[in-house]
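Student: What follows is the file protein-v8.txt, containing compact mmCIF, C-alpha atoms:
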```txt
# COMPACT_ATOMS: atom_id res chain seq x y z
CA MET A 66 8.11 -15.72 35.87
CA SER A 67 7.46 -12.04 35.18
CA ILE A 68 6.58 -9.91 32.18
CA PRO A 69 8.45 -6.78 31.09
CA ILE A 70 6.38 -3.60 31.54
CA ALA A 71 6.77 -0.42 29.50
CA ARG A 72 5.32 2.79 30.96
CA THR A 73 6.28 5.31 28.29
CA VAL A 74 6.13 5.52 24.52
CA ALA A 75 9.95 5.74 24.45
CA GLU A 76 10.32 2.46 26.36
CA LEU A 77 7.72 0.82 24.14
CA ARG A 78 9.30 1.95 20.90
CA THR A 79 12.78 0.88 22.01
CA ALA A 80 11.48 -2.67 22.50
CA VAL A 81 9.57 -2.69 19.21
CA ALA A 82 12.55 -1.29 17.28
CA ALA A 83 14.73 -4.15 18.53
CA TRP A 84 12.10 -6.67 17.43
CA ARG A 85 11.83 -5.04 14.03
CA GLN A 86 15.59 -5.23 13.52
CA ASN A 87 15.27 -9.00 13.94
CA GLY A 88 12.45 -9.18 11.41
CA HIS A 89 9.71 -9.96 13.94
CA LYS A 90 6.02 -9.41 13.27
CA VAL A 91 4.26 -7.64 16.14
CA ALA A 92 0.70 -8.01 17.46
CA VAL A 93 -1.15 -5.82 19.94
CA VAL A 94 -4.07 -6.73 22.19
CA PRO A 95 -5.62 -3.51 23.58
CA THR A 96 -7.30 -3.93 26.98
CA MET A 97 -8.42 -1.90 29.98
CA GLY A 98 -7.17 -4.60 32.34
CA ALA A 99 -9.18 -6.72 34.79
CA LEU A 100 -8.23 -9.56 32.47
CA HIS A 101 -10.35 -12.70 32.17
CA GLU A 102 -10.33 -15.72 29.88
CA GLY A 103 -11.84 -13.69 27.06
CA HIS A 104 -8.81 -11.39 27.03
CA LEU A 105 -6.42 -14.30 27.41
CA SER A 106 -7.97 -16.04 24.39
CA LEU A 107 -7.07 -12.94 22.33
CA VAL A 108 -3.51 -13.11 23.63
CA ARG A 109 -3.22 -16.79 22.69
CA ALA A 110 -4.51 -16.03 19.21
CA ALA A 111 -1.99 -13.21 18.90
CA LEU A 112 0.87 -15.45 20.04
CA ALA A 113 -0.11 -17.98 17.38
CA LYS A 114 -0.04 -15.29 14.67
CA ALA A 115 2.86 -13.00 15.53
CA ASP A 116 6.46 -13.29 16.71
CA ARG A 117 6.01 -10.71 19.46
CA VAL A 118 2.87 -9.73 21.38
CA ILE A 119 2.14 -6.53 23.29
CA VAL A 120 -0.83 -6.34 25.65
CA THR A 121 -1.84 -2.79 26.46
CA LEU A 122 -3.44 -1.93 29.78
CA PHE A 123 -5.01 1.50 29.94
CA VAL A 124 -8.31 2.48 31.57
CA ASN A 125 -9.23 5.13 29.02
CA PRO A 126 -11.08 8.03 30.67
CA LYS A 127 -12.25 9.36 27.31
CA GLN A 128 -14.57 6.41 26.66
CA PHE A 129 -16.48 6.63 29.95
CA ASN A 130 -19.70 8.61 30.13
CA SER A 131 -19.83 8.50 33.92
CA ALA A 132 -17.16 9.57 36.39
CA ALA A 133 -18.56 7.04 38.86
CA ASP A 134 -18.26 4.24 36.29
CA LEU A 135 -14.66 5.24 35.57
CA ALA A 136 -13.83 5.29 39.29
CA ALA A 137 -15.46 1.89 39.84
CA TYR A 138 -13.70 0.18 36.94
CA PRO A 139 -11.39 -2.50 38.40
CA ARG A 140 -7.67 -1.84 38.26
CA THR A 141 -5.70 -5.05 38.77
CA GLU A 142 -2.37 -4.57 37.02
CA HIS A 143 -0.42 -6.94 39.28
CA GLY A 144 -2.92 -9.74 38.79
CA ASP A 145 -3.15 -9.03 35.07
CA ALA A 146 0.61 -9.28 34.66
CA ALA A 147 0.59 -12.58 36.57
CA LYS A 148 -1.99 -13.97 34.12
CA LEU A 149 -0.07 -12.81 31.05
CA ALA A 150 3.40 -14.01 32.00
CA PRO A 151 2.77 -17.79 31.76
CA LEU A 152 1.31 -17.36 28.28
CA GLY A 153 4.59 -15.97 27.00
CA THR A 154 3.38 -12.41 26.43
CA HIS A 155 6.39 -10.36 25.44
CA LEU A 156 5.47 -6.93 26.81
CA LEU A 157 2.81 -5.21 28.89
CA TYR A 158 2.35 -1.58 27.94
CA ALA A 159 0.74 0.31 30.82
CA PRO A 160 0.94 4.08 30.30
CA ASN A 161 -0.68 6.61 32.62
CA ALA A 162 -3.38 9.08 31.63
CA ALA A 163 -1.06 12.09 31.85
CA ASP A 164 1.24 10.54 29.24
CA MET A 165 -1.57 9.43 26.94
CA TYR A 166 -3.35 12.76 27.17
CA PRO A 167 -0.76 15.37 28.13
CA GLU A 168 -1.71 18.92 29.02
CA GLY A 169 -3.12 20.67 25.99
CA PHE A 170 -4.20 17.45 24.25
CA ALA A 171 -6.78 18.62 21.70
CA THR A 172 -7.34 15.89 19.11
CA THR A 173 -10.35 13.60 18.90
CA ILE A 174 -11.06 11.00 16.23
CA SER A 175 -14.71 10.46 15.37
CA VAL A 176 -15.86 7.53 13.22
CA SER A 177 -19.37 8.19 11.93
CA GLY A 178 -21.80 5.70 10.47
CA VAL A 179 -20.93 2.48 12.25
CA SER A 180 -20.83 4.35 15.57
CA ASP A 181 -24.43 5.51 15.18
CA GLY A 182 -27.17 3.85 17.23
CA LEU A 183 -26.72 0.88 19.58
CA CYS A 184 -24.08 1.80 22.18
CA GLY A 185 -23.36 5.01 20.29
CA ALA A 186 -26.87 6.27 21.02
CA PHE A 187 -26.73 5.55 24.74
CA ARG A 188 -23.10 6.44 25.38
CA PRO A 189 -22.46 9.79 23.64
CA GLY A 190 -18.78 10.30 22.86
CA HIS A 191 -17.87 6.75 23.85
CA PHE A 192 -16.70 5.67 20.43
CA ASP A 193 -14.81 8.92 19.90
CA GLY A 194 -12.84 7.97 23.00
CA VAL A 195 -12.34 4.43 21.72
CA ALA A 196 -11.22 5.55 18.26
CA THR A 197 -8.83 8.14 19.66
CA VAL A 198 -7.08 5.83 22.10
CA VAL A 199 -6.96 2.89 19.67
CA ALA A 200 -5.41 5.07 16.99
CA LYS A 201 -2.78 6.23 19.50
CA LEU A 202 -2.05 2.65 20.56
CA PHE A 203 -1.66 1.52 16.95
CA LEU A 204 0.73 4.37 16.23
CA GLN A 205 2.65 3.88 19.46
CA THR A 206 3.10 0.12 19.07
CA ARG A 207 3.43 0.12 15.26
CA ALA A 208 1.93 -3.35 15.38
CA ASP A 209 1.22 -5.49 12.31
CA PHE A 210 -1.88 -7.11 13.84
CA GLY A 211 -4.55 -5.96 16.28
CA PHE A 212 -6.78 -8.46 18.09
CA PHE A 213 -10.32 -7.67 19.24
CA GLY A 214 -13.20 -9.74 20.58
CA GLU A 215 -16.55 -9.99 18.79
CA LYS A 216 -18.47 -9.37 22.04
CA ASP A 217 -18.00 -5.63 21.47
CA PHE A 218 -19.29 -5.97 17.92
CA GLN A 219 -19.96 -2.30 17.24
CA GLN A 220 -16.54 -1.40 18.61
CA LEU A 221 -14.99 -3.93 16.23
CA HIS A 222 -16.69 -2.17 13.31
CA VAL A 223 -15.50 1.23 14.55
CA VAL A 224 -11.90 -0.01 14.73
CA ARG A 225 -12.05 -1.60 11.29
CA ARG A 226 -13.43 1.59 9.73
CA LEU A 227 -10.85 3.71 11.56
CA VAL A 228 -8.02 1.61 10.15
CA ARG A 229 -9.46 1.59 6.64
CA ASP A 230 -10.23 5.30 6.48
CA LEU A 231 -6.92 6.48 7.94
CA ASP A 232 -4.77 3.93 6.06
CA ILE A 233 -3.23 2.65 9.27
CA PRO A 234 -1.01 -0.32 8.29
CA ILE A 235 -2.41 -2.92 10.67
CA GLU A 236 -4.56 -6.02 10.13
CA ILE A 237 -7.55 -6.26 12.49
CA ILE A 238 -8.32 -9.81 13.57
CA ALA A 239 -11.64 -10.59 15.27
CA CYS A 240 -11.96 -13.47 17.73
CA PRO A 241 -15.17 -15.19 18.91
CA THR A 242 -16.85 -14.25 22.17
CA VAL A 243 -15.67 -16.40 25.07
CA ARG A 244 -18.44 -17.55 27.40
CA GLU A 245 -18.82 -18.97 30.86
CA ALA A 246 -20.07 -22.57 31.24
CA ASP A 247 -23.65 -21.19 31.45
CA SER A 248 -23.16 -19.17 28.22
CA LEU A 249 -22.86 -15.71 29.83
CA ALA A 250 -20.37 -13.66 27.81
CA MET A 251 -17.22 -13.04 29.82
CA SER A 252 -16.85 -9.43 30.93
CA SER A 253 -14.90 -7.51 33.54
CA ARG A 254 -18.26 -6.12 34.68
CA ASN A 255 -19.65 -9.55 35.61
CA VAL A 256 -17.96 -9.33 39.01
CA ARG A 257 -20.40 -6.53 39.90
CA LEU A 258 -23.37 -8.91 39.73
CA SER A 259 -24.87 -10.11 43.01
CA ALA A 260 -25.36 -13.86 43.49
CA GLU A 261 -29.02 -13.54 42.52
CA GLN A 262 -28.23 -11.42 39.47
CA ARG A 263 -25.53 -13.85 38.38
CA LEU A 264 -28.16 -16.61 38.29
CA ALA A 265 -30.41 -14.46 36.09
CA ALA A 266 -27.68 -13.19 33.76
CA PRO A 267 -27.41 -16.32 31.53
CA GLU A 268 -30.99 -15.75 30.40
CA LEU A 269 -29.64 -12.97 28.18
CA PRO A 270 -27.60 -15.23 25.85
CA GLN A 271 -30.32 -17.88 26.04
CA VAL A 272 -32.95 -15.46 24.75
CA LEU A 273 -30.56 -14.28 22.04
CA SER A 274 -29.86 -17.83 20.91
CA THR A 275 -33.53 -18.78 20.76
CA SER A 276 -34.42 -15.58 18.94
CA ALA A 277 -31.61 -16.05 16.42
CA GLU A 278 -32.96 -19.50 15.57
CA ARG A 279 -36.43 -18.08 15.00
CA LEU A 280 -35.09 -15.28 12.81
CA SER A 281 -33.05 -17.75 10.77
CA ALA A 282 -36.21 -19.80 10.26
CA GLY A 283 -37.95 -16.77 8.78
CA ALA A 284 -40.01 -15.49 11.71
CA PRO A 285 -40.89 -11.76 11.48
CA ALA A 286 -38.16 -9.68 13.13
CA GLU A 287 -40.57 -7.21 14.72
CA LEU A 288 -42.42 -10.01 16.53
CA VAL A 289 -39.25 -11.88 17.55
CA LEU A 290 -37.58 -8.76 18.94
CA ALA A 291 -40.67 -7.70 20.88
CA GLU A 292 -41.03 -11.14 22.47
CA ALA A 293 -37.31 -11.28 23.19
CA ARG A 294 -37.41 -7.94 25.00
CA GLN A 295 -40.24 -9.17 27.18
CA ALA A 296 -38.44 -12.44 27.90
CA ILE A 297 -35.34 -10.55 29.05
CA LEU A 298 -37.38 -8.38 31.38
CA THR A 299 -39.28 -11.39 32.69
CA ALA A 300 -35.95 -13.05 33.48
CA GLY A 301 -35.22 -10.27 35.98
CA PHE A 302 -33.45 -7.61 33.92
CA ASP A 303 -34.40 -4.03 34.76
CA GLU A 304 -34.11 -2.48 31.31
CA VAL A 305 -33.39 -3.47 27.72
CA GLU A 306 -31.44 -0.54 26.34
CA TYR A 307 -31.56 -1.88 22.81
CA LEU A 308 -32.15 -5.16 21.01
CA GLU A 309 -31.62 -4.95 17.25
CA LEU A 310 -30.97 -7.00 14.16
CA ARG A 311 -28.01 -5.55 12.26
CA ALA A 312 -26.14 -6.63 9.13
CA ASP A 313 -22.85 -8.37 9.77
CA LEU A 314 -21.10 -6.48 6.99
CA ASP A 315 -21.87 -2.86 7.82
CA LEU A 316 -24.16 -2.78 10.89
CA SER A 317 -27.10 -1.47 8.85
CA SER A 318 -30.53 -2.09 10.43
CA LEU A 319 -32.46 -5.08 9.13
CA CYS A 320 -36.16 -5.95 9.20
CA ALA A 321 -35.50 -9.60 8.36
CA ALA A 322 -32.60 -12.06 8.42
CA ASP A 323 -32.11 -11.93 4.66
CA ARG A 324 -28.33 -11.77 4.89
CA PRO A 325 -25.68 -12.65 7.51
CA ALA A 326 -26.58 -10.60 10.57
CA ARG A 327 -26.10 -10.09 14.29
CA LEU A 328 -28.69 -9.88 17.01
CA ILE A 329 -27.19 -7.29 19.35
CA VAL A 330 -28.32 -6.36 22.85
CA ALA A 331 -27.52 -4.15 25.82
CA ALA A 332 -29.50 -4.67 29.02
CA TRP A 333 -29.26 -3.57 32.64
CA LEU A 334 -29.28 -6.05 35.51
CA GLY A 335 -29.31 -3.98 38.66
CA GLY A 336 -26.51 -1.45 38.21
CA THR A 337 -24.60 -3.56 35.72
CA ARG A 338 -24.85 -3.06 31.98
CA LEU A 339 -24.37 -6.26 29.97
CA ILE A 340 -23.85 -6.42 26.21
CA ASP A 341 -23.90 -9.45 23.94
CA ASN A 342 -24.53 -10.53 20.38
CA VAL A 343 -25.10 -13.71 18.39
CA SER A 344 -24.79 -14.54 14.72
CA VAL A 345 -27.97 -14.88 12.66
CA LEU A 346 -27.71 -16.69 9.33
CA PRO A 347 -30.49 -16.51 6.75
CA ARG A 348 -32.26 -19.82 6.21
CA GLN A 349 -30.74 -20.45 2.76
CA ARG A 350 -27.21 -19.64 3.89
CA LYS A 351 -27.64 -21.73 7.02
CA GLY A 352 -28.77 -24.68 4.90
CA GLU A 353 -25.79 -24.28 2.60
CA LEU A 354 -23.40 -24.33 5.54
CA LEU A 355 -25.03 -27.42 7.03
CA ALA A 356 -24.87 -29.19 3.68
CA ALA A 357 -21.21 -28.34 3.29
CA THR A 358 -20.53 -29.64 6.80
CA ASN A 359 -22.32 -32.90 6.08
CA VAL A 360 -20.37 -33.41 2.86
CA ALA A 361 -17.11 -32.74 4.66
```
Could you spell out this file's structure in structure tokens?
Tutor:
Amino acid sequence: MSIPIARTVAELRTAVAAWRQNGHKVAVVPTMGALHEGHLSLVRAALAKADRVIVTLFVNPKQFNSAADLAAYPRTEHGDAAKLAPLGTHLLYAPNAADMYPEGFATTISVSGVSDGLCGAFRPGHFDGVATVVAKLFLQTRADFGFFGEKDFQQLHVVRRLVRDLDIPIEIIACPTVREADSLAMSSRNVRLSAEQRLAAPELPQVLSTSAERLSAGAPAELVLAEARQAILTAGFDEVEYLELRADLDLSSLCAADRPARLIVAAWLGGTRLIDNVSVLPRQRKGELLAATNVA
């Protein structure tokens, strides 16, 4: 079993046009390859929603801050295609950089506000690269639905704002973070961890989970975040880039869990940067949800 692969916009649009003539709804799952179960869960969700599903595979040079990081990013197209085919994915779109950014390419999309702080502060230009390539992929595929994981929570907000502000006719669907058996968020970067680092890595989601419970119970955010930072470092991490409480709705900074929020982190373990986030519900809202569950 194999999956059709389009390399050019012309090939892609020919396939999509044929689907459109038959009245099919189209979904796109943008990826940079090195696919794992987290990506595949997005594909399954897309297949359940749309008649036709395109997975894009493009290692976007414009969203890397380091040439070494770009060079080290895994490129496993053959293996990725083998993982997608059994799911029933209809098309793999794998353009090259010269086609995506031809000579003289001079346009950059910048989404302010939700791109400020967090990863935006430590990776200058990263979200400009994300917004630019995602806009191109939406226009190239002309998809009805776009699927993104909640692990990259700030990126999800950037994409949603991009679509809203530019009136791009696509519905953005967020899917929960997929985790390993020990709760580590799945990431293509996890393969860079040494055996010792891999044993330490699950402490990151564990600290987040414990801290989220304390914040939901009303503990002061400043104290919880300070203790969480120390716990992450004690677990063997080399640096906590950021650890913040942000509002679910608009990513605004919060001093207390007085509305639905996210506890968001980026931390370095050796030479590997791990990001994660967990939901934080205010005590009243959490109680309401538990009561509704018990009634049901």
Student: Neighbouring residues of region 165-173 of chain A were defined as those with any atom within 12 Å, considering only C-alpha atoms; residues of the same chain fewer than 2 positions away were excluded. Please report them as a PyMOL selection string.
Tutor: chain A and resi 72-74+122-128+158-163+175-176+190-202+205
Student: For Arg207 (chain A), which residue among A:Arg117, A:Arg311, A:Arg257, A:His101 is the nearest when counting only C-alpha atoms?
Tutor: A:Arg117
Student: Measuring between all atoms listed in the file, which one of A:Glu76, A:Glu215, A:Glu236, A:Asp164 shows the shortest distance to Ala111 (chain A)?
Tutor: A:Glu236
Student: Find the residues around Pro151 (chain A) up to 12 Å (only C-alpha atoms counted), leave out those fewer than 3 positions away in its own chain, and share them as number ranges by chain.
Tutor: A: 66-68, 105, 108-109, 145-148, 154-155
Student: Would you kindly return, as a ChimeraX atom specification, each protein, DNA or RNA residue with an atom no farther than 7 Å from any atom of region 287-296 of chain A, considering only C-alpha atoms and excluding same-chain residues fewer than 5 positions away?
Tutor: /A:272,276,305,308
Student: Rank nothing, just name the residue among A:Leu258, A:Pro285, A:Thr275, A:Ala326 nearest to Phe302 (chain A), using only C-alpha atoms.
Tutor: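 Selected residue with least distance to Phe302 (chain A): A:Leu258.
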Student: What gap, in Å, lies between CA of Ala239 (chain A) and CA of Arg188 (chain A)?
Tutor: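 Going from CA of Ala239 (chain A) over to CA of Arg188 (chain A), I get 22.9 Å.
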Student: Could you tell me how far CA of Phe187 (chain A) sits from CA of Val345 (chain A), in Å to one decimal place?
Tutor: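 One can read the CA of Val345 (chain A) to CA of Phe187 (chain A) distance as 23.8 Å.
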Student: Taking N, CA and C atoms as the atom set, what does region 150-172 of chain A look like once completed, written as a compact mmCIF listing (two decimals), in the frame of the given file?
Tutor:
```txt
# COMPACT_ATOMS: atom_id res chain seq x y z
N ALA A 150 2.04 -13.47 32.03
CA ALA A 150 3.40 -14.01 32.00
C ALA A 150 3.47 -15.48 31.57
N PRO A 151 2.66 -16.38 32.14
CA PRO A 151 2.77 -17.79 31.76
C PRO A 151 2.42 -18.07 30.30
N LEU A 152 1.68 -17.17 29.68
CA LEU A 152 1.31 -17.36 28.28
C LEU A 152 2.48 -17.08 27.34
N GLY A 153 3.46 -16.34 27.84
CA GLY A 153 4.59 -15.97 27.00
C GLY A 153 4.43 -14.60 26.36
N THR A 154 3.55 -13.78 26.92
CA THR A 154 3.38 -12.41 26.43
C THR A 154 4.71 -11.68 26.52
N HIS A 155 5.06 -10.94 25.49
CA HIS A 155 6.39 -10.36 25.44
C HIS A 155 6.51 -9.00 26.13
N LEU A 156 5.39 -8.26 26.18
CA LEU A 156 5.47 -6.93 26.81
C LEU A 156 4.08 -6.48 27.24
N LEU A 157 4.02 -5.88 28.41
CA LEU A 157 2.81 -5.21 28.89
C LEU A 157 3.07 -3.71 28.81
N TYR A 158 2.23 -3.02 28.06
CA TYR A 158 2.35 -1.58 27.94
C TYR A 158 1.27 -0.94 28.78
N ALA A 159 1.69 -0.25 29.85
CA ALA A 159 0.74 0.31 30.82
C ALA A 159 1.05 1.78 31.06
N PRO A 160 0.67 2.65 30.13
CA PRO A 160 0.94 4.08 30.30
C PRO A 160 -0.04 4.71 31.30
N ASN A 161 0.27 5.90 31.76
CA ASN A 161 -0.68 6.61 32.62
C ASN A 161 -1.43 7.65 31.80
N ALA A 162 -2.52 8.16 32.37
CA ALA A 162 -3.38 9.08 31.63
C ALA A 162 -2.66 10.38 31.26
N ALA A 163 -1.77 10.83 32.12
CA ALA A 163 -1.06 12.09 31.85
C ALA A 163 -0.14 11.96 30.64
N ASP A 164 0.39 10.75 30.41
CA ASP A 164 1.24 10.54 29.24
C ASP A 164 0.41 10.34 27.97
N MET A 165 -0.72 9.65 28.11
CA MET A 165 -1.57 9.43 26.94
C MET A 165 -2.26 10.71 26.51
N TYR A 166 -2.66 11.51 27.47
CA TYR A 166 -3.35 12.76 27.17
C TYR A 166 -2.66 13.91 27.91
N PRO A 167 -1.51 14.32 27.43
CA PRO A 167 -0.76 15.37 28.13
C PRO A 167 -1.51 16.70 28.09
N GLU A 168 -1.07 17.61 28.94
CA GLU A 168 -1.71 18.92 29.02
C GLU A 168 -1.78 19.57 27.65
N GLY A 169 -2.95 20.04 27.29
CA GLY A 169 -3.12 20.67 25.99
C GLY A 169 -3.57 19.71 24.90
N PHE A 170 -3.75 18.44 25.24
CA PHE A 170 -4.20 17.45 24.25
C PHE A 170 -5.53 17.91 23.66
N ALA A 171 -5.61 17.98 22.31
CA ALA A 171 -6.78 18.62 21.70
C ALA A 171 -7.34 17.88 20.49
N THR A 172 -6.93 16.63 20.30
CA THR A 172 -7.34 15.89 19.11
C THR A 172 -8.30 14.76 19.46
```
